[in-house]
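What follows is a single structure, written as structure tokens, with notes after it.
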Amino acid sequence: MTDSIGALRQAVDEAERIVALTGAGISAESGVPTFRGPGGLWRNYSPEKLATPEAFAENPRLVWEWYDWRRSLIRKAEPNAGHLALVELERRKAGEAGGPSGFTLVTQNVDGLHDRAGSRNVVKLHGDIWWVRCMGCGVEQRNEQVPLEDLPPRCACGGSLRPGVVWFGEPLPEAEWERAVEASSNAQVFLAVGTSAVVYPAAGLAELAQAAGARLAVVNAEPTPLDAMADWVLPGKSGELLPRLL
Ligand code: BV8
Ligand code: ZN
């Protein structure tokens, strides 16, 4: 496990197929609270308790108050140097026009900051906080209203709308999961950035990539369960470390 950022920069430069898996930590420097770090709590509720179908069924208004609060924070947030470094990496690894890109960004985040930074093909494993889905007619639509007028917001059909995100106990979207597995199985370098790597199946992508031959780098502010198996561990802030990989 070599810690040198220079060795990782060289591996990133030489690699033709790279995957980055990002978590809430990459948005921390943009002012968006992480799930399990300081400030992650809201009115002393833990995300694990609120981000579930059961919590929504029991108290849709409370769950929507949490999402409305997060949407208002995210609306004020700007992408940071970490997001922008991944946009540059995508640009550098873009194949010939129209060919498959050599860089795949897989995110657990629902904040949309990778899109706003300019990343073009973002694989969203856990959905998107700016989308809503009707529990009645199933229609999915983008909703960027901040603050929301009604909690819970209502569909034209009268059904109540839920956030377009994946809750605990819910399956990940099939197509996105397939894309993430495909890219991770072919990666030469897998970067796990700003994630505590405790949520599955997302965290399992790192193991899958390494088992298929990728070298694994962890860029995180605190130790993670992936560190022991990683080829590189870069402790620190992604907003500072990722630009140094370019
Ligand atoms: C599934 C969307 C199966 C919502 C999220 C028991 C009961 C039920 C389920 C389970 C169970 N045990 C295990 C499970 C499976 C469960 C799971 O893994 N639970 C964990 C908690 C043990 N997984 C699921 O339920 C998944 N679904 O398994 O379905 C199935 C299959 C078929 C049919 C039916 C069912 C669904 C998981 C998705 C849940 N949704 N989010 C929303 O956002 O509101 S997960 C949530 O956690 C976020 O998406 C978040 O991204 C994700 C992971 O957290 P992180 O991103 O890593 O964030 P965290 O705060 O933890 O860490 C941030 C890190 O950054 C820290 O380490 C910090 O040090 C670091 N950091 C901070 N600042 C910086 C930094 N690093 C760098 N720079 C900085 N500046
Ligand atoms: Zn509807």
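Residues are named by chain letter and number: chains run A, B, ... in the order of the structure tokens, numbers start at 1 in each chain, and ligands are numbered from 1 in the order shown.
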Write out as number ranges by chain which residues come within 12 Å of range 140-149 of chain A when counting only C-alpha atoms, dropping same-chain ones fewer than 4 positions away. A: 61, 64-76, 111-112, 127-136, 153-156, 160-165
Residues within 7 Å of ligand 1 should be enumerated using only C-alpha atoms and all ligand atoms and returned as a PDB file with C-alpha atoms, in the first residue's frame.
ATOM      1  CA  THR A  22     -18.178   9.249  -4.625  1.00  0.00           C
ATOM      2  CA  GLY A  23     -20.054   9.681  -1.355  1.00  0.00           C
ATOM      3  CA  ALA A  24     -21.288  12.555   0.766  1.00  0.00           C
ATOM      4  CA  GLY A  25     -17.724  13.558   1.683  1.00  0.00           C
ATOM      5  CA  ILE A  26     -17.066  15.049  -1.758  1.00  0.00           C
ATOM      6  CA  ALA A  28     -18.832  18.402   2.423  1.00  0.00           C
ATOM      7  CA  GLU A  29     -16.601  21.291   1.302  1.00  0.00           C
ATOM      8  CA  THR A  34     -22.560  14.265   5.307  1.00  0.00           C
ATOM      9  CA  PHE A  35     -24.669  11.381   6.533  1.00  0.00           C
ATOM     10  CA  ARG A  36     -22.569  10.151   9.374  1.00  0.00           C
ATOM     11  CA  GLY A  37     -20.343  13.083  10.153  1.00  0.00           C
ATOM     12  CA  GLU A  48     -30.925   5.778   8.594  1.00  0.00           C
ATOM     13  CA  ALA A  51     -34.380   7.569   4.619  1.00  0.00           C
ATOM     14  CA  GLN A 108     -24.095   7.593  -3.996  1.00  0.00           C
ATOM     15  CA  ASN A 109     -24.974  11.255  -3.614  1.00  0.00           C
ATOM     16  CA  VAL A 110     -28.391  12.617  -4.504  1.00  0.00           C
ATOM     17  CA  HIS A 126     -29.224   6.305  -5.023  1.00  0.00           C
ATOM     18  CA  GLY A 127     -31.357   8.623  -7.178  1.00  0.00           C
ATOM     19  CA  VAL A 165     -34.163   8.687  -4.123  1.00  0.00           C
ATOM     20  CA  VAL A 166     -33.380   5.085  -3.057  1.00  0.00           C
ATOM     21  CA  TRP A 167     -34.199   4.493   0.614  1.00  0.00           C
ATOM     22  CA  PHE A 168     -32.698   1.836   2.900  1.00  0.00           C
ATOM     23  CA  GLY A 169     -34.265  -1.509   2.140  1.00  0.00           C
ATOM     24  CA  GLU A 170     -35.077  -0.464  -1.436  1.00  0.00           C
ATOM     25  CA  PRO A 171     -33.370  -1.905  -4.496  1.00  0.00           C
ATOM     26  CA  LEU A 172     -31.025   0.259  -6.532  1.00  0.00           C
ATOM     27  CA  VAL A 193     -13.794   9.309  -2.740  1.00  0.00           C
ATOM     28  CA  GLY A 194     -15.534  10.820   0.302  1.00  0.00           C
ATOM     29  CA  THR A 195     -17.388   7.686   1.314  1.00  0.00           C
ATOM     30  CA  SER A 196     -17.429   5.830   4.616  1.00  0.00           C
ATOM     31  CA  ALA A 197     -17.925   2.677   2.512  1.00  0.00           C
ATOM     32  CA  VAL A 198     -20.528   1.211   4.873  1.00  0.00           C
ATOM     33  CA  VAL A 199     -23.559   1.325   2.563  1.00  0.00           C
ATOM     34  CA  TYR A 200     -24.079  -1.688   0.289  1.00  0.00           C
ATOM     35  CA  PRO A 201     -24.261  -2.684  -2.453  1.00  0.00           C
ATOM     36  CA  VAL A 219      -9.436   9.448  -0.791  1.00  0.00           C
ATOM     37  CA  ASN A 220     -11.217  10.196   2.474  1.00  0.00           C
ATOM     38  CA  ALA A 221     -11.015  12.425   5.557  1.00  0.00           C
ATOM     39  CA  GLU A 222     -11.226   9.454   7.941  1.00  0.00           C
ATOM     40  CA  PRO A 223     -10.191   5.777   7.811  1.00  0.00           C
ATOM     41  CA  THR A 224     -12.617   3.453   6.001  1.00  0.00           C
ATOM     42  CA  GLY A 236      -7.572  14.334   3.721  1.00  0.00           C
ATOM     43  CA  LYS A 237     -10.027  16.533   1.889  1.00  0.00           C
ATOM     44  CA  SER A 238     -11.102  15.543  -1.607  1.00  0.00           C
ATOM     45  CA  GLY A 239     -11.248  19.232  -2.584  1.00  0.00           C
TER      46      GLY A 239
END
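The shortest atom-to-atom distance to Asn59 in chain A, with only C-alpha atoms taken into account, belongs to A:Pro152 out of A:Val122, A:Pro152, A:Glu174, A:Leu241.
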If you run DSSP over the backbone, which residues in range 8-242 of chain A end up alpha helix (DSSP H)? Put them as a PyMOL selection string. chain A and resi 8-14+25-28+47-50+53-58+60-76+81-92+113-117+174-186+204-211+238-241
Run DSSP on the backbone of this structure and report the residues of range 53-193 of chain A it assigns to strand (DSSP E or B), as a PyMOL selection string. chain A and resi 103-107+122-124+127-134+140-142+154+160-165+189-193
Closest of A:Gly158, A:Leu216, A:Glu240, A:Leu234 to ligand 2, counting only C-alpha atoms and all ligand atoms, is A:Gly158
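Of the residues listed (A:Leu21, A:Ala214, A:Ala77, A:Leu151), A:Leu21 shows the shortest atom-to-atom separation from Val123 in chain A; distances use only C-alpha atoms.
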List as a PyMOL selection string the protein and nucleic acid residues near Asp227 in chain A, meaning an atom at most 9 Å away when only C-alpha atoms are counted, but skip any in the same chain fewer than 6 places from it. chain A and resi 217-218+233
Save out the residues we just selected, N, CA and C atoms, as a compact mmCIF listing (two decimals), in the first residue's frame.
# COMPACT_ATOMS: atom_id res chain seq x y z
N ALA A 217 -7.78 3.05 -4.82
CA ALA A 217 -7.31 4.20 -4.04
C ALA A 217 -8.48 4.73 -3.23
N VAL A 218 -8.19 5.05 -1.96
CA VAL A 218 -9.20 5.65 -1.09
C VAL A 218 -8.78 7.09 -0.80
N VAL A 233 -3.92 4.94 0.07
CA VAL A 233 -4.84 5.59 1.00
C VAL A 233 -4.38 7.04 1.12
Could you give me, as a ChimeraX atom specification, the residues within 9 Å of Arg91 in chain A, counting only C-alpha atoms and dropping anything in the same chain fewer than 6 positions from it? /A:101,103,119
Now that the selection is made, can you save its residues with N, CA and C atoms as a PDB file, in the first residue's frame?
ATOM      1  N   SER A 101     -16.316   6.445 -22.811  1.00  0.00           N
ATOM      2  CA  SER A 101     -15.349   7.241 -22.073  1.00  0.00           C
ATOM      3  C   SER A 101     -14.488   6.322 -21.212  1.00  0.00           C
ATOM      4  N   PHE A 103     -13.575   7.150 -18.363  1.00  0.00           N
ATOM      5  CA  PHE A 103     -13.813   7.510 -16.973  1.00  0.00           C
ATOM      6  C   PHE A 103     -15.302   7.383 -16.683  1.00  0.00           C
ATOM      7  N   SER A 119     -19.983  17.353 -14.855  1.00  0.00           N
ATOM      8  CA  SER A 119     -19.781  15.937 -15.209  1.00  0.00           C
ATOM      9  C   SER A 119     -20.911  15.529 -16.149  1.00  0.00           C
TER      10      SER A 119
END
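The residue that comes closest to ligand 2, out of A:Ala15, A:Met229, A:Val139, A:Leu8 and on the basis of only C-alpha atoms and all ligand atoms, is A:Val139.
The gap separating CA of Leu242 in chain A from CA of Arg92 in chain A is 14.1 Å, in Å to one decimal.
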Just to confirm, what's the straight-line distance from CA of Ala20 in chain A to CA of Val32 in chain A in Å (one decimal)? 19.5 Å
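Minimum atom-to-atom distance to Gly102 in chain A, evaluated using only C-alpha atoms, belongs to A:Val19 out of A:Ala180, A:Leu62, A:Cys157, A:Val19.
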Counting only C-alpha atoms and all ligand atoms, the residue of A:Cys137, A:Ile18, A:Ala117, A:Val87 that sits nearest ligand 2: A:Cys137
